[in-house]
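A short write-up of the structure that comes next.
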2 protein chains.
Amino acid sequence: MEGKEMKVVIIGGVATGPKAAARLRRLNPRAEITIVEQGKIISYAGCGMPYFVGGDVDSFRSLNTTTAGILRDAAFFRNVKDVKVLDGTLARSIDRKNKIVTAVHGETGESVSLPYDTLVLATGGQPIPLSVEGANLNRVFRLWRPEDAITLRQVAMTEDLKTAVIIGGGLIGLEMAEALTRWGIHVTIVEMMPNILPGLLDAEVAAYLERYLRSEGVDVLTGMRVMSLAGDGGGNVTKVLTQVQDIPSDLVLIATGVRPNTTLARDAGLEIGKTGGIAVNEYLQTSDPEIYAGGDCVENVHLLTGQKVFVPMGSTANKHGRVIANNIMGHRERFKGILGTGVVKVFDCNVGKTGLTEREAREAGLDVVTTLAPAMDSAHYHPNHKPLLLKLIADRNTKKLVGLQAVGLGDAVKRVDVMATALTFEATVDELPALDLGYAPPYSTAVDIAAHAANVLSNKIKGIARASTPGELKAKIDRGDDFIWLDVRTPDEHKKERIEDPRVKLIPLGTLRQRLDELPRDKEIVTFCKFSLRGYEAQTILDGEGYKNVKFMDGGTEAWPYGLVRVGAKNKQD
Amino acid sequence: MEGKEMKVVIIGGVATGPKAAARLRRLNPRAEITIVEQGKIISYAGCGMPYFVGGDVDSFRSLNTTTAGILRDAAFFRNVKDVKVLDGTLARSIDRKNKIVTAVHGETGESVSLPYDTLVLATGGQPIPLSVEGANLNRVFRLWRPEDAITLRQVAMTEDLKTAVIIGGGLIGLEMAEALTRWGIHVTIVEMMPNILPGLLDAEVAAYLERYLRSEGVDVLTGMRVMSLAGDGGGNVTKVLTQVQDIPSDLVLIATGVRPNTTLARDAGLEIGKTGGIAVNEYLQTSDPEIYAGGDCVENVHLLTGQKVFVPMGSTANKHGRVIANNIMGHRERFKGILGTGVVKVFDCNVGKTGLTEREAREAGLDVVTTLAPAMDSAHYHPNHKPLLLKLIADRNTKKLVGLQAVGLGDAVKRVDVMATALTFEATVDELPALDLGYAPPYSTAVDIAAHAANVLSNKIKGIARASTPGELKAKIDRGDDFIWLDVRTPDEHKKERIEDPRVKLIPLGTLRQRLDELPRDKEIVTFCKFSLRGYEAQTILDGEGYKNVKFMDGGTEAWPYGLVRVGAKNKQD
């Protein structure tokens, strides 16, 4: 490289590409850095598009400016970063032997040859197509490119739409459900899998979120496959047809996810992984060491399983950009992997996951122990407190934490981030409660809810606490098993919100020790309360009194996904 | 212990004591457990008292009930936990030889002997007295026992008070500043140390908070010692006299902190540590292995320094209670120590610290590297975003993280909790940015602000980034040093908010590469912007152009503690 400047060509100008370019420049004032981007808008916050559609963000330009309000366009990259941007330009092929990228300008058709010393592929993802009849009707959208967002907002704002169907209950589907609802459109989410956010949540946690969405006026249909879309004479979509019902729909958003865009890499003979993403090593080099790749076009290593996974995420894309730049400039840095962390805000509900779900953990062959821990996220006497449902998962053998799911009006993301940090350092269920986390009444309880959940897991592993999950109980009920379903809440709580089942018997916790004569010793007893604290306490009391077959119901009524009878409930979540 | 039930006596019924009792019972259904508590109210949320005084919490009873609304009184402990509570009863002495505690009932004067197999000391802290003239005047309060909170609220609500002085700018002092302000009382905080929250914040971070408090109408006087209190003829306090000024005051709250209450332990010949707290081992046993101690009466090990420290905290007290119970019942568990984490909400500002401050780190002999990172806590285009100032500290030699301070309207506590977790696992500055934290626009930026701060530290350690701290710059200015203070913000930003100094020169970052001829090569240049991102970028541009003496100003104008000229500012924080 002596005597002439290093040439770096970067294909892709949204997240990984611009990040790599900026870092490269700061590390090397002389390198020739060129970004080739197919679109006209570069370095924009794709993750912000639902907020633009919903009206939280006034103009698309906001997604494309710095915090100081400066537009991140080609001129910005030229003047500030000394980086050349070829926008509206499609990279067509890579000549690896001669190290030349050929690109074509979208409007002029002009071809350009870009020699490189190092090439960075940041070609992103592309929408997974929905191959059904009617997918080309008017008012059937994807949220993919900036133009999609701009059109969608325009249509939602100005046209008289009453109903929308969102096909796909993933992150974008949920964010867009809120966005469209804000324009007064009634939204139905249709998800093929048994629950929404199937990559993030196990069924009973998703059920909690589904109840919430319904309380916000969004219909949620799960386990339902879209067969076709039907339109009117004018070519506008009017309904979505599934195997069980037709759903009227003035607008359809297809949010069936993305897959890695690997055309260029594949054509150049680079190795593609089993997940479909470009294969990269820890330094984010492809099978050609002069070609790096990052962002939504590559696969990642899951830190907990060591398996390759495809989890496109804006945060990961930015990390990749920096690591790639460091490696190109000789500051060797490993990108070890991801935890599959994902968070999303839907209306006022906060949702997140890190690590593995129970389903993923079982698929990975772990002997898992889980707990459903609903609670208030901060001191119940402080006005800030809001409900949160946590599901914490650990490996019974190693006692290592495996994953956390969190849903509710409370602060889910803080717990997810703490857990992501703990997972990175392979923390055990005993290490979590010992963490010196910040405590003040507006923020948490003296024993934080995540620490509490870890304590429950620890108790379960030791056999001190024994629980039935909602799913296990449901199976028992469906089988017609005989057991005492012991509600240990107050009569008042029982009146307001109860499980309607003949097995249920009410003995408030405070009177349990005095009323043991009402409980036969030869029957199985499943105790419960609202959050499962008193339920667990009741289990230990009955254990202490010599009862041999007692469990508590994991998650209490708060996490019971199969329906409660509520009388005069003020709780929105029904 | 065979044949007869184990007797556990617990002295102290607020946090550690009840927690230990509840856990003991769950582990052992037969043990005889007795709590001896001096006060009439047990198991209450002491940390919630400022919110009761301020009116956020309606009745004191709320601090003393479970989430389900059940009063945690002696009857509750008897019925639910099968734990005997002797309230209003003062433990007078411990006969270690015969294993008997002698206690006296406060009202009846009746003496009771309590034999124990294991004793738990949870005697808490006690207020550090303020030994000045006038401390016994009317309307001079502490916030210590429930009765104090009840009286304070009554006085604040019903009496016509215009002014209050809070002596001590610690956690309680700040929470109470908000509480009293809510009743329409003008509050002045008088802090003896050079800044408020001296145990939590370095001076320049505290300055940011002090500006905020002033914007909320609270006066803050630091480095000021109270000499005496003066009253009127009726014995009511009327002013607070310091060495420099008299402050009118209809009410005085002494919030000078607590020290461990060790009278009983000391009298029993138990070892007391250098910090003044009861010395305990990792299992929370005192020098008498049959006597455990926890909560505000003991000293802890600081996880980062290995030193003994006295940091009373409700969260730690609860952890202690559980660990003590586990150890008593043979589930051996170590309590390894604390990080000195503390968080507090003051009006809408969130404040927190974990690990060591820069001052503490230097005192511990570390070669520290620090950064001031102000930023928006989430995507700047999303309406949720709020400002936050982070100060991140690492050890230059080991690259290990050492501490974080966070202040602002943004989500400080999440970053504190993530960092507390990272510190526990001895994370380095390179591991923090790699964490797979949750990213969505309402919650964070694609590169989280804490990760960004760690990247800056990493750049500083590598010598890529070079900064002057505000303190260093202030010293240069005071010395009259000649340098170019290069503002690289936009002319608009410069007009609205600027540092008034003849050394300041404005060249917006976008034009810097074109205007190098305006910058002499023989002078020191200190670049700055609002958040220090562009300032750093300018440094790298000038480095690249061969300038030899360039630094950026750490923290930009946002963290500059020495005053800005603001024109038409909408920012509350001035």
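Identifiers for the structure tokens are assigned positionally: chains receive A, B, ... in sequence, residues are indexed from 1 per chain, and ligands are indexed from 1 in the order shown.
Using only C-alpha atoms, the protein and nucleic acid residues lying no more than 9 Å from Ile324 (chain A), apart from those fewer than 4 places from it along its own chain, are Thr16, Ala20, Leu24, Val120, Tyr283, Leu284, Gln285, Tyr292, Ala293, Gly294, Lys319, His320, Ile328, Met329 and Glu333 of chain A.
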Identify all residues of region 235-452 of chain A in alpha helix (DSSP H) (DSSP on the backbone) and supply them as a PyMOL selection string. chain A and resi 263-267+314-328+358-363+412-424+449-452
Kindly provide the residues of chain A that approach chain B to within 7 Å, each paired with its closest atom pair and their distance in Å to one decimal, based on only C-alpha atoms, listed by chain and increasing number, as JSON lines.
```
{"residue": "A:Arg26", "atom": "CA", "partner": "B:Thr540", "partner_atom": "CA", "distance": 5.7}
{"residue": "A:Pro29", "atom": "CA", "partner": "B:Gly544", "partner_atom": "CA", "distance": 4.8}
{"residue": "A:Cys47", "atom": "CA", "partner": "B:Pro441", "partner_atom": "CA", "distance": 6.8}
{"residue": "A:Gly48", "atom": "CA", "partner": "B:Pro441", "partner_atom": "CA", "distance": 6.3}
{"residue": "A:Asp56", "atom": "CA", "partner": "B:Pro383", "partner_atom": "CA", "distance": 6.6}
{"residue": "A:Val57", "atom": "CA", "partner": "B:His382", "partner_atom": "CA", "distance": 6.3}
{"residue": "A:Ser62", "atom": "CA", "partner": "B:Tyr381", "partner_atom": "CA", "distance": 5.7}
{"residue": "A:Leu63", "atom": "CA", "partner": "B:Tyr381", "partner_atom": "CA", "distance": 6.3}
{"residue": "A:Thr67", "atom": "CA", "partner": "B:His380", "partner_atom": "CA", "distance": 5.9}
{"residue": "A:Phe76", "atom": "CA", "partner": "B:Gly510", "partner_atom": "CA", "distance": 6.9}
{"residue": "A:Asn79", "atom": "CA", "partner": "B:Gly510", "partner_atom": "CA", "distance": 5.4}
{"residue": "A:Val80", "atom": "CA", "partner": "B:Gly510", "partner_atom": "CA", "distance": 4.9}
{"residue": "A:Gly314", "atom": "CA", "partner": "B:Ala446", "partner_atom": "CA", "distance": 6.1}
{"residue": "A:Ser315", "atom": "CA", "partner": "B:Ala446", "partner_atom": "CA", "distance": 4.5}
{"residue": "A:Asn318", "atom": "CA", "partner": "B:Val447", "partner_atom": "CA", "distance": 6.7}
{"residue": "A:Ile338", "atom": "CA", "partner": "B:Asp436", "partner_atom": "CA", "distance": 5.8}
{"residue": "A:Leu339", "atom": "CA", "partner": "B:Asp436", "partner_atom": "CA", "distance": 6.0}
{"residue": "A:Thr341", "atom": "CA", "partner": "B:Gly438", "partner_atom": "CA", "distance": 5.7}
{"residue": "A:Gly342", "atom": "CA", "partner": "B:Gly438", "partner_atom": "CA", "distance": 5.4}
{"residue": "A:Val343", "atom": "CA", "partner": "B:Gly438", "partner_atom": "CA", "distance": 5.3}
{"residue": "A:Val344", "atom": "CA", "partner": "B:Ala440", "partner_atom": "CA", "distance": 6.0}
{"residue": "A:His380", "atom": "CA", "partner": "B:Thr67", "partner_atom": "CA", "distance": 5.9}
{"residue": "A:Tyr381", "atom": "CA", "partner": "B:Ser62", "partner_atom": "CA", "distance": 5.7}
{"residue": "A:His382", "atom": "CA", "partner": "B:Val57", "partner_atom": "CA", "distance": 6.3}
{"residue": "A:Pro383", "atom": "CA", "partner": "B:Asp56", "partner_atom": "CA", "distance": 6.6}
{"residue": "A:Val413", "atom": "CA", "partner": "B:Gly438", "partner_atom": "CA", "distance": 6.7}
{"residue": "A:Lys414", "atom": "CA", "partner": "B:Lys414", "partner_atom": "CA", "distance": 5.0}
{"residue": "A:Val416", "atom": "CA", "partner": "B:Gly438", "partner_atom": "CA", "distance": 6.9}
{"residue": "A:Asp417", "atom": "CA", "partner": "B:Leu437", "partner_atom": "CA", "distance": 5.2}
{"residue": "A:Val418", "atom": "CA", "partner": "B:Val418", "partner_atom": "CA", "distance": 4.9}
{"residue": "A:Ala420", "atom": "CA", "partner": "B:Leu437", "partner_atom": "CA", "distance": 6.1}
{"residue": "A:Thr421", "atom": "CA", "partner": "B:Leu435", "partner_atom": "CA", "distance": 6.3}
{"residue": "A:Ala422", "atom": "CA", "partner": "B:Thr421", "partner_atom": "CA", "distance": 6.4}
{"residue": "A:Phe425", "atom": "CA", "partner": "B:Phe425", "partner_atom": "CA", "distance": 6.4}
{"residue": "A:Leu435", "atom": "CA", "partner": "B:Thr421", "partner_atom": "CA", "distance": 6.3}
{"residue": "A:Asp436", "atom": "CA", "partner": "B:Ile338", "partner_atom": "CA", "distance": 5.8}
{"residue": "A:Leu437", "atom": "CA", "partner": "B:Asp417", "partner_atom": "CA", "distance": 5.2}
{"residue": "A:Gly438", "atom": "CA", "partner": "B:Val343", "partner_atom": "CA", "distance": 5.3}
{"residue": "A:Tyr439", "atom": "CA", "partner": "B:Val343", "partner_atom": "CA", "distance": 6.1}
{"residue": "A:Ala440", "atom": "CA", "partner": "B:Val344", "partner_atom": "CA", "distance": 6.0}
{"residue": "A:Pro441", "atom": "CA", "partner": "B:Gly48", "partner_atom": "CA", "distance": 6.2}
{"residue": "A:Ala446", "atom": "CA", "partner": "B:Ser315", "partner_atom": "CA", "distance": 4.5}
{"residue": "A:Val447", "atom": "CA", "partner": "B:Ser315", "partner_atom": "CA", "distance": 6.1}
{"residue": "A:Leu509", "atom": "CA", "partner": "B:Val80", "partner_atom": "CA", "distance": 6.4}
{"residue": "A:Gly510", "atom": "CA", "partner": "B:Val80", "partner_atom": "CA", "distance": 4.9}
{"residue": "A:Thr511", "atom": "CA", "partner": "B:Asn79", "partner_atom": "CA", "distance": 6.7}
{"residue": "A:Arg513", "atom": "CA", "partner": "B:Asn79", "partner_atom": "CA", "distance": 7.0}
{"residue": "A:Thr540", "atom": "CA", "partner": "B:Arg26", "partner_atom": "CA", "distance": 5.7}
{"residue": "A:Gly544", "atom": "CA", "partner": "B:Pro29", "partner_atom": "CA", "distance": 4.8}
```
Take CA of Glu524 (chain A) and CA of Leu473 (chain A) and report the distance between them in Å, one decimal.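 Taking CA of Glu524 (chain A) and CA of Leu473 (chain A), their separation equals 12.0 Å.
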